[in-house]
Each structure stands twice: as structure tokens, then as C-alpha cells.
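Student: Quick one: structure below, then a few questions.
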Amino acid sequence: MILFVNACVRSESRTKTLADALIKKLADECEELKLEDVSFPKTDEAFLSKRDSLIEARNFDDEAFAPARQFAEAKTIVIAAPYWDLSFPAMLKQYIEHINVLGITFEYTHEGIPKGLCKADKLYYVTTAGGNYVPDDFGFGYIKALAQNFYGIKDVKLIKASGLDIYGADTKAIMKEAVEGITL
């Protein structure tokens with residue numbers, strides 16, 4: 001099962017177009033989680049206290065842990081997030097905060113090193129950018145570090161198209177090249 005974490009909000013999202021092409025090539029059952037439709041609870045002291053108590057009791061049936069359980073069970077994960085303001089949309093960060101659950105997506109060894117508990121063997125990070133300044137560190141690098149070092153997903157791949165809004169750019173050609181360049 002593919003978990004498609006969709007952080008795209010525009011109806012004509014180029015990032016979503018690229019992600020859809022990837023998902024088509026993966027040719028497997030896909031479950032989409034559209035982050036703009038998720039109402040994340042306010043992360044305040046009351047929320048954290050409840051969450052910490054549930055984790056300590058290892059009571060992972062609570063609805064608050066549904067996103068983490070879904071993420072941990074997926075065979076393949078596709079995250080689609082446009083490159084905004086040197087990163088990704090804030091809703092993706094909120095999602096990450098809700099899937100980063102000790103006992104579901106990771107645990108710590110006796111030495112204090114995170115050990116992944118996720119079943120996914122591959123994570124694809126799909127992004128598009130208007131310009132060409134798209135350092136990996138700010139979006140993809142963050143997701144890759146979490147996937148590899150916390151979730152146990154070693155195979156993490158970046159799929160991107162950039163330079164889409166540069167004056168005179170052939171957007172259709174750039175997107176076509178990005179779609180044709182998708183390798184699994």
C-alpha cells in the first residue's frame with residue numbers, strides 16, 4: 001500500500017502532477033492523506049500532557065495516533081510538498097509532529113539512538129519550485145534525515161522540477177522532463 005501524503009493546496013499544483021505521475025508508475029493501491037483537510041489539534045501543554053500520558057501507557061489506540069499508525073504501516077510513502085519559502089508548507093511540519101511517536105514510528109535503543117519501526121522500504125519526496133535555488137537541506141534533507149534516522153526507511157528519493165517560474169522558462173518541457181525522468 002502506498003501512503004500519499006499530499007501537502008499541495010493549489011488545484012493546478014505542479015507538485016501534485018509530478019506526484020500523480022510517480023504514483024501511476026508505482027502501480028499499487030494508494031491511500032491519499034490530503035493535509036489541507038486535516039484539522040491538527042493545537043499543540044499546547046494540555047495536548048502534550050495527554051499525548052505523553054498515552055505514550056507512557058503505550059495506549060496507541062487513541063485517535064490522536066491514527067496518522068502515526070497509518071504512516072508506520074505503509075509499504076511505500078510518497079510525500080508531495082511544494083518548495084515554499086526555503087522549505088515546505090507548515091501543514092507538513094504539523095503532520096510530522098503527529099507521526100513522530102515513540103513506540104509507533106520509532107523507539108530508542110538502550111544507548112539512546114533512534115530505531116525505526118516503520119514498514120516502508122521506500123520514501124519518495126516530490127517537490128517543485130519556481131526558481132532554481134532549491135537546497136536539499138531545507139525540505140528534502142529534513143525529511144530524508146527523519147526517514148533514515150528515526151523511521152528506519154533507508155531508501156529515500158527526491159523527485160523534483162525546478163525553474164518553473166523563471167522568465168522565459170518552458171514550464172511544460174521542464175515538467176515533461178521531470179515526469180519522464182522518474183525512476184523507481
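Residues in the C-alpha cells are numbered from 1 in each chain, the chains being A, B, ... in the order shown, and ligands are numbered from 1 in the order shown.
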Among range 5-177 of chain A, which residues does DSSP mark as helix (DSSP H, G or I) when it is run on the backbone? Keep the chain and numbering as in the structure and answer as a ChimeraX atom specification.
Tutor: /A:14-26,35-37,45-56,63-73,90-99,136-138,140-151,171-177
Student: Hey, what does DSSP flag as strand (DSSP E or B) within range 25-144 of chain A? Can you give it to me as a list in words?
Tutor: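 Answer for range 25-144 of chain A, restricted to strand (DSSP E or B): Cys30, Glu31, Glu32, Leu33, Lys34, Thr76, Ile77, Val78, Ile79, Ala80, Trp84, Ser87, Leu102, Phe106, Glu107, Tyr108, Pro114, Lys115, Gly116, Lys122, Leu123, Tyr124, Tyr125, Val126, Thr127 and Thr128 of chain A.
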Student: With range 95-100 of chain A as the partner and 9 Å as the cut-off, tabulate the residues of range 1-82 of chain A that qualify, each row holding the nearest pair of atoms and their distance in Å to one decimal, using only C-alpha atoms, sorted by chain and rising number, as CSV.
Tutor:
residue,atom,partner,partner_atom,distance
A:Leu35,CA,A:Tyr95,CA,7.6
A:Val38,CA,A:Tyr95,CA,8.9
A:Phe40,CA,A:Tyr95,CA,7.8
A:Ala64,CA,A:His98,CA,7.7
A:Phe65,CA,A:His98,CA,7.2
A:Ala66,CA,A:Ile99,CA,8.5
A:Pro67,CA,A:Ile99,CA,5.8
A:Ala68,CA,A:Ile99,CA,4.0
A:Arg69,CA,A:Ile99,CA,7.7
A:Gln70,CA,A:Ile99,CA,8.7
A:Phe71,CA,A:Ile99,CA,7.0
A:Ala72,CA,A:Ile99,CA,8.4
Student: Counting only C-alpha atoms, which of A:Glu180, A:Glu12, A:Glu63, A:Glu107 gets nearest to Pro41 in chain A?
Tutor: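 So, comparing all the options, the nearest one is A:Glu63.
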Student: As a list of chain:residue names, please: the residues near Ile55 in chain A (cut-off 10 Å, only C-alpha atoms, same-chain neighbours under 3 positions excluded).
Tutor: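 The filter keeps A:Ser49, A:Lys50, A:Arg51, A:Asp52, A:Arg58, A:Asn59, A:Phe60, A:Asp62, A:Phe65, A:Val101, A:Leu102, A:Gly103, A:Ile104.
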Student: Just want the 6 Å neighbourhood of Leu117 in chain A, counted on only C-alpha atoms, with same-chain residues fewer than 6 positions away dropped. Output as a list of chain:residue names.
Tutor: A:Thr105, A:Phe106, A:Tyr151
Student: So, with only C-alpha atoms as the atoms that count, which of A:Ala81, A:Ser11, A:Ala21, A:Leu3 lies closest to Leu33 in chain A?
Tutor: A:Leu3
Student: Just to confirm, what's the straight-line distance from CA of Tyr167 in chain A to CA of Pro135 in chain A in Å (one decimal)?
Tutor: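 Taking CA of Tyr167 in chain A and CA of Pro135 in chain A, their separation equals 20.6 Å.
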Student: What lies within 8 Å of range 160-164 of chain A using only C-alpha atoms, ignoring chain neighbours under 4 positions off, as a ChimeraX atom specification?
Tutor: /A:18,126-132,134,169-171,174-175,178
Student: For the residues selected in the previous step, produce a file with C-alpha atoms as a PDB file, in the first residue's frame.
Tutor:
ATOM      1  CA  LEU A  18       4.526  15.132 -10.609  1.00  0.00           C
ATOM      2  CA  VAL A 126       8.239  15.081  -4.570  1.00  0.00           C
ATOM      3  CA  THR A 127       8.622  18.837  -4.922  1.00  0.00           C
ATOM      4  CA  THR A 128       8.552  21.637  -7.453  1.00  0.00           C
ATOM      5  CA  ALA A 129       9.967  25.135  -7.308  1.00  0.00           C
ATOM      6  CA  GLY A 130       9.573  28.328  -9.267  1.00  0.00           C
ATOM      7  CA  GLY A 131      13.265  29.165  -9.051  1.00  0.00           C
ATOM      8  CA  ASN A 132      16.459  27.175  -9.235  1.00  0.00           C
ATOM      9  CA  VAL A 134      16.401  24.647  -4.024  1.00  0.00           C
ATOM     10  CA  ALA A 169      11.091  29.067 -18.870  1.00  0.00           C
ATOM     11  CA  ASP A 170       9.353  26.348 -20.850  1.00  0.00           C
ATOM     12  CA  THR A 171       7.279  25.025 -17.953  1.00  0.00           C
ATOM     13  CA  ILE A 174      10.517  21.103 -17.618  1.00  0.00           C
ATOM     14  CA  MET A 175       7.554  19.168 -16.239  1.00  0.00           C
ATOM     15  CA  ALA A 178      10.742  15.607 -14.731  1.00  0.00           C
TER      16      ALA A 178
END
Student: What's around Asn6 in chain A at 12 Å? Count only C-alpha atoms, leave out sequence neighbours fewer than 3 positions away in its own chain, and write the answer as a PyMOL selection string.
Tutor: chain A and resi 3+9-10+13+15-20+23+30-38+77-82+88-89+91-92+95+124-127
Student: Go through A:Lys115, A:Met1, A:Gly139, A:Ala57 one by one, measure the shortest atom-to-atom distance of each to Leu86 in chain A using only C-alpha atoms, and give the residue with the smallest value.
Tutor: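 Among the listed residues, the smallest separation from Leu86 in chain A belongs to A:Gly139.
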Student: Could you jot down the CA of Thr183 in chain A to CA of Glu73 in chain A separation for me, Å, one decimal place?
Tutor: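 Distance between the two atoms: 23.5 Å.
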